[in-house]
$ cat input37.cif   # mmCIF, C-alpha atoms
data_upload
#
loop_
_atom_site.label_atom_id
_atom_site.label_comp_id
_atom_site.auth_asym_id
_atom_site.auth_seq_id
_atom_site.Cartn_x
_atom_site.Cartn_y
_atom_site.Cartn_z
CA MET A 26 -156.07 -74.41 62.41
CA THR A 27 -156.28 -72.75 59.02
CA ALA A 28 -155.50 -69.20 58.07
CA GLN A 29 -159.21 -68.28 58.33
CA THR A 30 -160.38 -69.85 61.54
CA CYS A 31 -159.38 -71.14 64.91
CA PRO A 32 -161.37 -73.26 67.37
CA ARG A 33 -160.56 -70.70 70.05
CA LEU A 34 -161.90 -67.69 68.15
CA ASP A 35 -164.95 -67.39 70.41
CA ASP A 36 -162.60 -66.83 73.34
CA ALA A 37 -161.62 -63.45 71.91
CA GLY A 38 -164.68 -61.68 73.34
CA SER A 39 -164.33 -63.28 76.73
CA TYR A 40 -160.64 -62.38 76.78
CA LEU A 41 -161.24 -58.73 75.95
CA LEU A 42 -164.08 -58.41 78.43
CA ARG A 43 -161.89 -60.06 81.08
CA ALA A 44 -164.52 -62.70 81.66
CA MET A 45 -161.95 -65.47 81.69
CA PRO A 46 -160.93 -66.68 85.11
CA ASP A 47 -157.33 -66.08 86.10
CA GLY A 48 -155.10 -68.72 84.61
CA GLU A 49 -157.22 -69.22 81.53
CA TRP A 50 -156.72 -65.57 80.60
CA GLU A 51 -152.95 -65.99 80.68
CA HIS A 52 -153.23 -69.25 78.74
CA TYR A 53 -155.16 -67.53 75.97
CA ALA A 54 -152.68 -64.65 75.96
CA GLU A 55 -149.98 -67.21 75.29
CA HIS A 56 -152.11 -68.66 72.48
CA LEU A 57 -152.30 -65.21 70.91
CA THR A 58 -148.56 -65.14 70.40
CA SER A 59 -148.82 -68.00 67.90
CA CYS A 60 -152.32 -67.62 66.39
CA GLY A 61 -152.74 -64.98 63.72
CA VAL A 62 -156.50 -65.50 63.49
CA CYS A 63 -157.16 -64.83 67.14
CA SER A 64 -154.65 -62.01 67.44
CA ALA A 65 -156.24 -60.29 64.42
CA LYS A 66 -159.66 -60.62 66.06
CA ILE A 67 -158.29 -59.16 69.30
CA ALA A 68 -156.88 -56.21 67.38
CA GLU A 69 -160.21 -55.69 65.62
CA LEU A 70 -162.40 -55.89 68.72
CA GLY A 71 -159.97 -54.34 71.19
CA VAL A 72 -161.02 -50.92 69.95
CA VAL A 73 -164.53 -51.64 71.18
CA SER A 74 -163.52 -52.92 74.60
CA ASP A 75 -161.27 -49.87 75.04
CA ALA A 76 -164.15 -47.61 74.03
CA LEU A 77 -166.43 -49.27 76.55
CA LEU A 78 -164.18 -47.94 79.31
CA ASN A 79 -165.55 -44.49 78.54
CA ALA A 80 -169.15 -45.51 78.02
CA VAL A 81 -170.36 -44.78 81.52
CA PRO A 82 -172.16 -41.75 82.94
CA GLN A 83 -169.51 -39.17 83.75
CA LEU A 84 -169.12 -37.97 87.33
CA ASN A 85 -166.63 -35.71 89.05
CA ALA A 86 -164.07 -37.44 91.23
CA PRO A 87 -164.48 -36.43 94.89
CA PRO A 88 -161.61 -34.11 95.84
CA GLU A 89 -160.63 -36.24 98.83
CA ILE A 90 -159.19 -38.88 96.51
CA ARG A 91 -156.89 -36.33 94.96
CA ASP A 92 -155.63 -35.23 98.36
CA ARG A 93 -154.90 -38.79 99.44
CA VAL A 94 -153.23 -39.81 96.20
CA MET A 95 -151.11 -36.70 95.84
CA SER A 96 -149.88 -36.75 99.43
CA VAL A 97 -148.45 -40.23 98.83
CA VAL A 98 -147.10 -39.29 95.42
CA ARG A 99 -145.31 -36.23 96.75
CA ALA A 100 -143.77 -38.16 99.61
CA GLU A 101 -142.59 -40.92 97.31
CA SER A 102 -141.29 -38.40 94.81
CA GLU A 103 -139.13 -36.95 97.57
CA LEU A 104 -137.93 -40.41 98.46
CA LEU A 105 -137.09 -41.15 94.85
CA ARG A 106 -135.12 -37.96 94.70
CA ALA A 107 -133.29 -38.82 97.90
CA ALA A 108 -132.59 -42.36 96.74
CA GLY A 109 -130.80 -41.17 93.63
CA ALA A 110 -127.11 -40.73 93.08
CA THR A 111 -126.91 -38.10 95.79
CA ALA A 112 -128.73 -40.12 98.42
CA ASP A 113 -125.80 -40.22 100.80
CA ARG A 114 -124.77 -36.65 100.17
CA PRO A 115 -126.32 -33.54 101.65
CA ALA A 116 -129.61 -32.76 100.02
CA GLU A 117 -129.97 -29.60 98.00
CA PRO A 118 -132.36 -27.11 99.53
CA ALA A 119 -135.64 -27.94 97.83
CA PRO A 120 -138.34 -25.53 96.78
CA ARG A 121 -141.44 -25.83 98.88
CA ARG A 122 -143.63 -28.34 97.10
CA PHE A 123 -146.46 -28.23 99.52
CA ARG A 124 -147.66 -26.25 102.43
CA LEU A 125 -148.88 -27.51 105.70
CA PRO A 126 -151.03 -24.64 106.88
CA ASP A 127 -153.32 -24.29 109.83
CA LEU A 128 -151.12 -25.96 112.35
CA ARG A 129 -152.79 -27.68 115.19
CA PRO A 130 -151.06 -27.10 118.47
CA TRP A 131 -148.78 -29.80 119.80
CA PRO A 132 -149.25 -29.57 123.50
CA ALA A 133 -146.09 -28.45 125.22
CA ALA A 134 -146.68 -31.05 127.89
CA VAL A 135 -146.61 -33.83 125.32
CA LEU A 136 -143.39 -32.48 123.90
CA ALA A 137 -141.83 -32.13 127.31
CA THR A 138 -142.89 -35.61 128.33
CA SER A 139 -141.60 -37.09 125.10
CA LEU A 140 -138.27 -35.40 125.34
CA LEU A 141 -137.89 -36.41 128.94
CA ALA A 142 -138.68 -39.97 128.02
CA LEU A 143 -135.87 -39.82 125.51
CA GLY A 144 -133.52 -38.60 128.19
CA ILE A 145 -132.80 -35.41 126.39
CA GLY A 146 -130.20 -33.13 127.77
CA GLY A 147 -128.27 -30.37 126.15
CA GLY A 148 -126.43 -31.04 122.92
CA ALA A 149 -122.66 -30.97 122.92
CA LEU A 150 -120.62 -28.90 120.53
CA LEU A 151 -118.27 -31.40 118.95
CA VAL A 152 -116.33 -29.60 116.27
CA GLY A 153 -115.87 -26.07 115.14
CA GLY A 154 -114.59 -25.29 111.70
CA GLY A 155 -115.27 -23.24 108.66
CA ASP A 156 -115.12 -23.04 104.93
CA GLY A 157 -114.12 -19.44 104.76
CA ASP A 158 -117.65 -18.05 104.38
CA HIS A 159 -119.36 -19.62 107.35
CA GLU A 160 -118.18 -21.28 110.44
CA THR A 161 -119.46 -24.83 110.59
CA ARG A 162 -120.47 -26.16 113.94
CA THR A 163 -121.14 -29.82 114.50
CA ILE A 164 -123.52 -30.48 117.33
CA ALA A 165 -124.27 -33.89 118.80
CA CYS A 166 -127.99 -34.51 118.83
CA ALA A 167 -129.48 -34.35 122.25
CA SER A 168 -131.31 -37.58 121.67
CA ALA A 169 -131.46 -40.34 119.11
CA PRO A 170 -132.64 -43.94 119.10
CA GLY A 171 -130.32 -46.52 120.64
CA GLY A 172 -127.66 -47.65 118.20
CA ALA A 173 -128.00 -44.60 116.00
CA SER A 174 -125.61 -41.71 115.74
CA CYS A 175 -126.87 -38.27 115.00
CA GLU A 176 -125.23 -34.93 114.61
CA MET A 177 -126.31 -31.62 113.21
CA GLN A 178 -124.00 -29.50 111.11
CA VAL A 179 -124.81 -25.80 111.24
CA ALA A 180 -123.25 -23.29 108.87
CA GLY A 181 -124.56 -19.76 108.72
CA ASP A 182 -128.33 -19.95 108.36
CA SER A 183 -128.44 -23.56 107.16
CA ALA A 184 -128.32 -26.84 108.99
CA LYS A 185 -128.36 -30.49 108.14
CA LEU A 186 -128.85 -33.65 110.10
CA VAL A 187 -126.33 -36.42 109.54
CA LEU A 188 -127.65 -39.77 110.66
CA ALA A 189 -126.18 -43.26 110.76
CA GLY A 190 -127.37 -46.55 112.19
CA LEU A 191 -130.96 -45.39 112.09
CA GLN A 192 -133.66 -47.96 111.44
CA ALA A 193 -136.08 -47.35 108.57
CA PRO A 194 -139.41 -45.90 109.70
CA PRO A 195 -142.23 -48.38 110.25
CA GLU A 196 -144.07 -49.55 107.15
CA GLY A 197 -146.37 -46.90 105.77
CA ARG A 198 -144.58 -44.11 107.59
CA ILE A 199 -141.82 -41.67 106.82
CA TYR A 200 -139.51 -39.50 108.88
CA GLN A 201 -140.39 -35.83 109.03
CA ILE A 202 -138.34 -32.92 110.34
CA TRP A 203 -139.91 -30.26 112.58
CA VAL A 204 -138.51 -27.01 113.86
CA ASP A 205 -139.26 -25.82 117.36
CA ARG A 206 -138.97 -22.09 118.04
CA GLY A 207 -139.81 -22.48 121.72
CA GLU A 208 -141.80 -19.89 123.64
CA GLY A 209 -144.63 -22.36 124.03
CA ARG A 210 -145.33 -22.49 120.31
CA PRO A 211 -146.00 -25.85 118.68
CA PRO A 212 -143.30 -27.31 116.44
CA GLU A 213 -143.62 -26.27 112.82
CA PRO A 214 -143.69 -28.92 110.12
CA THR A 215 -141.16 -28.84 107.31
CA GLU A 216 -141.30 -30.40 103.88
CA ALA A 217 -138.29 -32.56 104.74
CA LEU A 218 -139.61 -36.11 104.55
CA PHE A 219 -137.03 -38.83 104.37
CA SER A 220 -136.21 -42.45 104.84
CA VAL A 221 -132.80 -44.00 105.33
CA ARG A 222 -130.51 -45.92 103.05
CA LYS A 223 -128.45 -48.57 104.78
CA GLY A 224 -129.26 -46.78 107.97
CA ARG A 225 -127.78 -43.51 106.73
CA ALA A 226 -129.30 -40.20 105.76
CA THR A 227 -128.09 -36.65 105.42
CA VAL A 228 -130.98 -34.24 105.34
CA GLU A 229 -131.05 -30.49 104.97
CA VAL A 230 -133.30 -28.71 107.45
CA PRO A 231 -135.34 -26.51 105.13
CA GLY A 232 -136.82 -23.11 105.67
CA ASP A 233 -135.88 -20.12 107.77
CA LEU A 234 -133.98 -21.23 110.84
CA THR A 235 -134.03 -17.86 112.53
CA GLY A 236 -135.15 -18.31 116.10
CA VAL A 237 -135.22 -22.09 115.91
CA LYS A 238 -134.34 -23.62 119.25
CA GLN A 239 -134.26 -27.23 118.26
CA VAL A 240 -134.85 -29.56 115.35
CA LEU A 241 -137.01 -32.62 115.87
CA VAL A 242 -137.71 -35.77 113.88
CA THR A 243 -140.81 -37.93 114.14
CA HIS A 244 -142.13 -40.66 111.93
CA GLU A 245 -145.40 -39.77 110.24
CA PRO A 246 -147.83 -41.22 107.70
CA LEU A 247 -146.58 -41.02 104.11
CA GLY A 248 -147.09 -37.49 102.89
CA GLY A 249 -146.22 -35.99 106.23
CA SER A 250 -148.40 -34.37 108.88
CA GLU A 251 -149.50 -30.94 109.88
CA SER A 252 -148.80 -31.70 113.52
CA PRO A 253 -146.78 -34.56 114.99
CA THR A 254 -148.62 -37.81 115.49
CA ARG A 255 -145.75 -39.47 117.35
CA PRO A 256 -143.21 -38.35 119.92
CA PRO A 257 -139.87 -37.26 118.47
CA VAL A 258 -137.24 -39.91 117.92
CA ILE A 259 -134.50 -37.34 117.39
CA ALA A 260 -133.92 -33.94 118.90
CA ALA A 261 -131.06 -31.60 118.10
CA GLN A 262 -130.63 -28.27 119.81
CA MET A 263 -129.42 -25.39 117.71
CA ALA A 264 -127.35 -23.80 120.45
CA MET B 7 -145.33 -39.31 80.88
CA GLN B 8 -141.56 -39.06 80.67
CA LEU B 9 -141.64 -36.73 83.65
CA VAL B 10 -143.88 -39.16 85.53
CA ARG B 11 -141.36 -41.91 84.82
CA ARG B 12 -138.71 -39.73 86.40
CA GLY B 13 -140.81 -39.44 89.53
CA GLU B 14 -142.03 -35.88 89.04
CA ALA B 15 -145.03 -35.42 91.29
CA GLU B 16 -146.18 -32.30 89.45
CA ALA B 17 -146.31 -34.17 86.15
CA PHE B 18 -148.29 -36.94 87.74
CA GLU B 19 -150.73 -34.40 89.15
CA VAL B 20 -151.50 -33.28 85.60
CA VAL B 21 -152.30 -36.87 84.63
CA TYR B 22 -154.47 -37.21 87.70
CA GLU B 23 -156.40 -34.01 87.00
CA ARG B 24 -157.00 -35.00 83.41
CA HIS B 25 -158.27 -38.52 83.97
CA SER B 26 -159.48 -38.88 87.55
CA SER B 27 -163.12 -38.11 86.84
CA ALA B 28 -163.31 -40.69 84.05
CA ALA B 29 -161.58 -43.14 86.37
CA PHE B 30 -164.03 -42.45 89.19
CA SER B 31 -166.98 -42.71 86.80
CA LEU B 32 -165.85 -46.13 85.61
CA ALA B 33 -165.08 -47.37 89.10
CA TYR B 34 -168.43 -46.16 90.40
CA ARG B 35 -170.26 -47.81 87.52
CA MET B 36 -168.57 -51.10 88.34
CA CYS B 37 -168.53 -51.02 92.14
CA GLY B 38 -171.84 -49.32 92.75
CA SER B 39 -170.73 -47.48 95.87
CA ARG B 40 -168.76 -44.33 96.40
CA ALA B 41 -166.47 -45.80 99.05
CA ALA B 42 -165.48 -48.78 96.94
CA ALA B 43 -165.02 -46.59 93.87
CA GLU B 44 -162.75 -44.22 95.81
CA ASP B 45 -160.63 -47.15 96.97
CA VAL B 46 -160.33 -48.46 93.44
CA VAL B 47 -159.34 -45.08 92.01
CA GLN B 48 -156.82 -44.46 94.75
CA GLU B 49 -155.25 -47.89 94.30
CA ALA B 50 -155.22 -47.53 90.54
CA PHE B 51 -153.52 -44.14 90.47
CA LEU B 52 -150.92 -45.15 93.02
CA SER B 53 -150.32 -48.28 90.99
CA LEU B 54 -149.77 -46.35 87.80
CA TRP B 55 -147.60 -43.79 89.62
CA ARG B 56 -145.37 -46.64 90.67
CA SER B 57 -145.42 -48.30 87.26
CA GLY B 58 -145.28 -45.28 84.97
CA ALA B 59 -142.40 -46.83 83.08
CA ARG B 60 -144.74 -49.53 81.78
CA TYR B 61 -146.83 -47.14 79.73
CA ASP B 62 -146.37 -47.84 76.04
CA ARG B 63 -147.60 -45.04 73.82
CA ALA B 64 -147.82 -47.39 70.84
CA ARG B 65 -150.54 -49.39 72.62
CA GLY B 66 -152.95 -46.54 73.20
CA SER B 67 -153.59 -43.25 74.92
CA VAL B 68 -152.76 -42.46 78.51
CA ARG B 69 -156.49 -42.36 79.15
CA THR B 70 -157.01 -45.91 77.96
CA TRP B 71 -154.03 -47.04 80.00
CA VAL B 72 -155.41 -45.34 83.12
CA LEU B 73 -158.92 -46.68 82.64
CA GLY B 74 -157.59 -50.14 81.90
CA ILE B 75 -155.84 -50.17 85.26
CA VAL B 76 -159.01 -48.94 86.98
CA HIS B 77 -161.01 -51.64 85.22
CA ASN B 78 -158.61 -54.37 86.30
CA ARG B 79 -158.54 -53.10 89.87
CA ALA B 80 -162.32 -52.95 90.03
CA ILE B 81 -162.65 -56.48 88.68
CA ASP B 82 -160.08 -57.74 91.17
CA GLY B 83 -162.04 -56.05 93.94
CA LEU B 84 -165.35 -57.43 92.77
CA ARG B 85 -163.96 -60.95 92.53
CA ARG B 86 -162.47 -60.69 96.01
CA SER B 87 -165.86 -59.74 97.40
CA VAL B 88 -168.43 -62.33 98.35
CA VAL B 89 -169.47 -64.16 95.22
CA HIS B 90 -172.76 -62.93 93.81
CA ASP B 91 -173.01 -60.26 96.50
CA ARG B 92 -172.41 -57.63 93.89
CA ARG B 93 -175.81 -56.22 93.28
CA ARG B 94 -175.55 -52.58 92.51
CA ALA B 95 -176.13 -50.84 95.81
CA SER B 96 -175.99 -47.37 94.37
CA ASP B 97 -175.32 -44.53 96.78
CA GLU B 98 -178.52 -42.59 96.62
CA GLY B 99 -178.14 -39.26 94.94
CA ILE B 100 -174.45 -39.54 94.14
CA GLU B 101 -175.06 -39.02 90.46
CA GLU B 102 -176.54 -35.64 91.21
CA ARG B 103 -173.88 -34.61 93.68
CA PHE B 104 -170.93 -35.56 91.51
CA GLU B 105 -172.33 -35.14 88.06
CA ALA B 106 -169.61 -33.81 85.84
CA ARG B 107 -170.00 -30.50 84.08
CA GLU B 108 -168.99 -30.16 80.48
CA ARG B 109 -166.06 -27.81 80.37
CA THR B 110 -163.90 -28.31 77.35
CA GLU B 111 -164.30 -29.30 73.75
CA VAL B 112 -162.37 -32.47 74.42
CA GLU B 113 -164.72 -33.37 77.25
CA VAL B 114 -167.74 -32.66 75.09
CA ALA B 115 -166.29 -34.83 72.34
CA ARG B 116 -165.71 -37.62 74.83
CA LEU B 117 -169.27 -37.37 76.11
CA ASP B 118 -170.56 -37.57 72.58
CA GLU B 119 -168.40 -40.59 71.93
CA ALA B 120 -169.54 -42.22 75.16
CA ASP B 121 -173.17 -41.67 74.16
CA GLU B 122 -172.47 -43.26 70.81
CA ILE B 123 -170.89 -46.30 72.42
CA ARG B 124 -173.71 -46.68 74.92
CA GLN B 125 -176.20 -46.47 72.09
CA ALA B 126 -174.33 -49.15 70.18
CA LEU B 127 -174.49 -51.36 73.25
CA LEU B 128 -178.22 -50.73 73.59
CA ASN B 129 -178.76 -51.59 69.95
CA LEU B 130 -177.45 -55.12 70.45
CA PRO B 131 -179.81 -58.03 70.96
CA VAL B 132 -180.48 -58.09 74.67
CA GLU B 133 -178.84 -61.47 75.20
CA GLN B 134 -175.60 -60.07 73.79
CA SER B 135 -175.62 -56.74 75.62
CA HIS B 136 -176.49 -58.57 78.82
CA VAL B 137 -173.42 -60.82 78.79
CA ILE B 138 -171.17 -57.90 77.86
CA GLU B 139 -172.48 -55.79 80.73
CA LEU B 140 -172.26 -58.63 83.24
CA ALA B 141 -168.67 -59.36 82.27
CA TYR B 142 -167.24 -55.92 81.64
CA PHE B 143 -169.02 -53.83 84.23
CA GLY B 144 -170.12 -56.53 86.67
CA GLY B 145 -166.82 -58.37 86.83
CA PHE B 146 -168.44 -61.78 86.46
CA THR B 147 -166.52 -64.61 84.83
CA GLN B 148 -167.88 -66.49 81.86
CA THR B 149 -168.52 -69.46 84.14
CA GLU B 150 -170.54 -67.35 86.57
CA ILE B 151 -172.51 -65.79 83.75
CA ALA B 152 -173.29 -69.19 82.24
CA SER B 153 -174.52 -70.34 85.62
CA MET B 154 -176.61 -67.21 86.24
CA LEU B 155 -178.25 -67.39 82.82
CA GLU B 156 -178.44 -71.19 82.80
CA THR B 157 -176.79 -71.10 79.42
CA PRO B 158 -173.90 -73.21 78.06
CA ILE B 159 -170.57 -71.48 78.48
CA GLY B 160 -169.88 -71.79 74.77
CA THR B 161 -173.03 -69.82 74.06
CA VAL B 162 -171.97 -67.12 76.49
CA LYS B 163 -168.58 -66.80 74.79
CA GLY B 164 -170.20 -66.66 71.37
CA ARG B 165 -172.59 -63.92 72.46
CA MET B 166 -169.71 -61.86 73.77
CA ARG B 167 -167.77 -62.10 70.53
CA LEU B 168 -170.80 -61.50 68.33
CA GLY B 169 -171.84 -58.54 70.43
CA LEU B 170 -168.44 -56.92 70.17
CA GLU B 171 -168.35 -57.56 66.42
CA LYS B 172 -171.72 -55.87 65.96
CA MET B 173 -170.62 -52.92 68.04
CA ARG B 174 -167.45 -52.67 65.97
CA ALA B 175 -169.55 -52.57 62.82
CA GLN B 176 -171.81 -49.88 64.25
CA LEU B 177 -168.88 -47.80 65.43
CA GLY B 178 -166.98 -48.15 62.20
CA GLY B 179 -165.35 -44.77 62.38
CA LEU B 180 -164.59 -45.04 66.04
CA ARG B 181 -161.49 -43.11 66.93
CA GLU B 182 -160.42 -42.50 70.44
CA VAL B 183 -160.42 -38.91 71.62
CA MET B 184 -156.82 -38.53 72.55
CA ALA B 185 -155.47 -36.48 75.45
#

$ encode --input "input37.cif" --output "C-alpha cells"
Amino acid sequence: MTAQTCPRLDDAGSYLLRAMPDGEWEHYAEHLTSCGVCSAKIAELGVVSDALLNAVPQLNAPPEIRDRVMSVVRAESELLRAAGATADRPAEPAPRRFRLPDLRPWPAAVLATSLLALGIGGGALLVGGGDGDHETRTIACASAPGGASCEMQVAGDSAKLVLAGLQAPPEGRIYQIWVDRGEGRPPEPTEALFSVRKGRATVEVPGDLTGVKQVLVTHEPLGGSESPTRPPVIAAQMA
Amino acid sequence: MQLVRRGEAEAFEVVYERHSSAAFSLAYRMCGSRAAAEDVVQEAFLSLWRSGARYDRARGSVRTWVLGIVHNRAIDGLRRSVVHDRRRASDEGIEERFEARERTEVEVARLDEADEIRQALLNLPVEQSHVIELAYFGGFTQTEIASMLETPIGTVKGRMRLGLEKMRAQLGGLREVMA
C-alpha cells in the first residue's frame, strides 16, 4: 500500500452504505485503524452517507409511537432514580410526572376475590412512635407474597411501604401502587412504579391519602396502567 | 443530551419530539409499511434512551446519531426478514395521511437540503444510483446486489464508491443543518 492508494479503497462505499455483510464490516473497520487512505476516503464520503439519512420524503410520526416510547422511558427513568444512591432509603415525594386519567372501573368483585385469594385479613398495628411532629405507626401488611415481609409506616398524611424478600416483577412488568378509598370505587393509580433491589424496596405512597382505606400493589406493564391488570400482590390497610 | 444521560425523561422527550418524524420517515422509506416502521422507530428510540452515554458530539449532530440508529435497526430488520421478500409494499395513502407540514425555518432548511441530496442522487448514472438505493434504503448486501444485477461484486463496490464521490462533488458545500 502506498500513501495514495489501497487495494481496499473500493470497499469504502460499501462500508458507508452498510452493504457489507456482518463480519466483513467489522473487519474493514479494523482495517481503517491502520490505513490512512481508506480512513481519509471514509471521512470524505461519510458526509454524503449521513446526508442520505435525511433524503427521504418527510412524514409525521404517528402519535402512538410517542405514547409507547415515553411510557417506557418514564418508567425506566423512575427506576433509574430509585436505583441510585438512595435506592434503599425512603423515596422523596416526587412531583407528578404523568397523569392516568379516565379510570376504568376495577370491579369490586374482582378485588374482593383477589384479596380473599390472598387470605387478607386486617392489618396489625406493630409499633407506635413519633418524631415529635407526627406519630409514626407501623402497620403489618394484610397480605404479601410468601417469603416477603411488608409493613407500612404512616406518619401524619404520608405513608411508605417497606418491603423485603420480595421477588422482582416478571420481565417486562413493574410494580405499581394503588390507593383504594373504598365505598365501591375502583382503586386509583399512583405514579409510584418500582422494582426491588436485592429483594428490598422502600416506596413512598404518593398523593393525597385522605380517605384511603388501603394501599395495594400489583405488577403492571412498564409505564404503569390506568386500571389494574393483575390481582394485588400486596395489600396494606391504613387503619 | 447530558440530561438524557442522567436519565431525565423530560429531556429525552425533547429529543424525541425533535427527531421522531425524520426517524419515522427514514424507517418508512426503508421498511415500506407503517407497522414495521413504527417498530423500528420504537426500538431505535428505546435503544438510544438506554445508550445515551454513547453519543459523541464530536462525531456529528444528535439528528445524525438518531437517524444512524434507525438506519441500523431497519437494516437489521430487513435482513432478518425473508430474503428478497422486501419489495416495497407501501401502505396505500400513508404519505397523504402523515405528510409532514413545514413549521419552522430549520425544518424548511432541512427539506431544502433533502431535496438537494435527492437531486444529487437522481443526477448519478442510473447504475450507480441503483446500487446506492438498493444498499442504503433496501438493506441489501453487496453480495445480494451483485446477484440481483448479475454483476461482479467488485463492480458493485466500485459503483457505490464512484456514486458517493460524485454526490460529494455535487454537494460540495454540504453542511448539515444542526439541531

$ resolve_selection --input "input37.cif" --expression "the PyMOL selection byres ((chain B) within 7 of (chain A))" --output "PyMOL selection string"
chain B and resi 13-15+26-28+30-32+35+44+48+52+70+73+101+104-106+120-121+123-124+141-142+146-148+163-164+166-167+170-171+173-174

$ resolve_selection --input "input37.cif" --expression "the PyMOL selection byres ((chain A and resi 229-231) around 6)" --output "PDB file with C-alpha atoms, keeping the file's coordinate frame"
ATOM      1  CA  ALA A 116    -129.610 -32.760 100.020  1.00  0.00           C
ATOM      2  CA  ALA A 184    -128.320 -26.840 108.990  1.00  0.00           C
ATOM      3  CA  LYS A 185    -128.360 -30.490 108.140  1.00  0.00           C
ATOM      4  CA  VAL A 228    -130.980 -34.240 105.340  1.00  0.00           C
ATOM      5  CA  GLY A 232    -136.820 -23.110 105.670  1.00  0.00           C
TER       6      GLY A 232
END

$ atom_distance --input "input37.cif" --atom1 "atom CA of B:Val46" --atom2 "atom CA of B:His25"
13.9 Å

$ axis_aligned_box --input "input37.cif" --around "stretch 71-86 of chain A" --padding-each-side "8 Å" --output "JSON"
{"center_x": -166.1, "center_y": -45.0, "center_z": 80.6, "size_x": 28.2, "size_y": 34.6, "size_z": 37.3}

$ atom_distance --input "input37.cif" --atom1 "atom CA of A:Ser250" --atom2 "atom CA of A:Pro214"
7.3 Å

$ resolve_selection --input "input37.cif" --expression "the PyMOL selection byres ((chain B and resi 69) around 9)" --output "list in words"
Val21, Arg24, His25, Ala28, Ala29, Gly66, Ser67, Val68, Thr70, Trp71, Val72, Leu73, Gly74, Met184 and Ala185 of chain B

$ atom_distance --input "input37.cif" --atom1 "atom CA of A:His244" --atom2 "atom CA of B:Phe18"
25.2 Å

$ closest_residue --input "input37.cif" --among "B:Val76, B:Gly169, B:Gly160, B:Arg56" --to "A:Pro32" --atoms "only C-alpha atoms"
B:Gly160

$ residues_around --input "input37.cif" --residues "B:Val132" --least-positions-apart "5" --cutoff "12 Å" --atoms "all atoms listed in the file" --output "ChimeraX atom specification"
/B:126-127,137-140,165-166,169

$ closest_residue --input "input37.cif" --among "B:Lys172, B:Ala115, B:Phe51, B:Ser153" --to "B:Ser135" --atoms "only C-alpha atoms"
B:Lys172

$ closest_residue --input "input37.cif" --among "B:Ile159, B:Leu84, B:Ile151, B:Leu177" --to "B:Glu119" --atoms "all atoms listed in the file"
B:Leu177

$ residues_near_point --input "input37.cif" --point "(-127.9, -43.3, 116.3)" --cutoff "8 Å" --atoms "all atoms listed in the file" --output "MDAnalysis selection string"
chainID A and resid 169:175 188:191
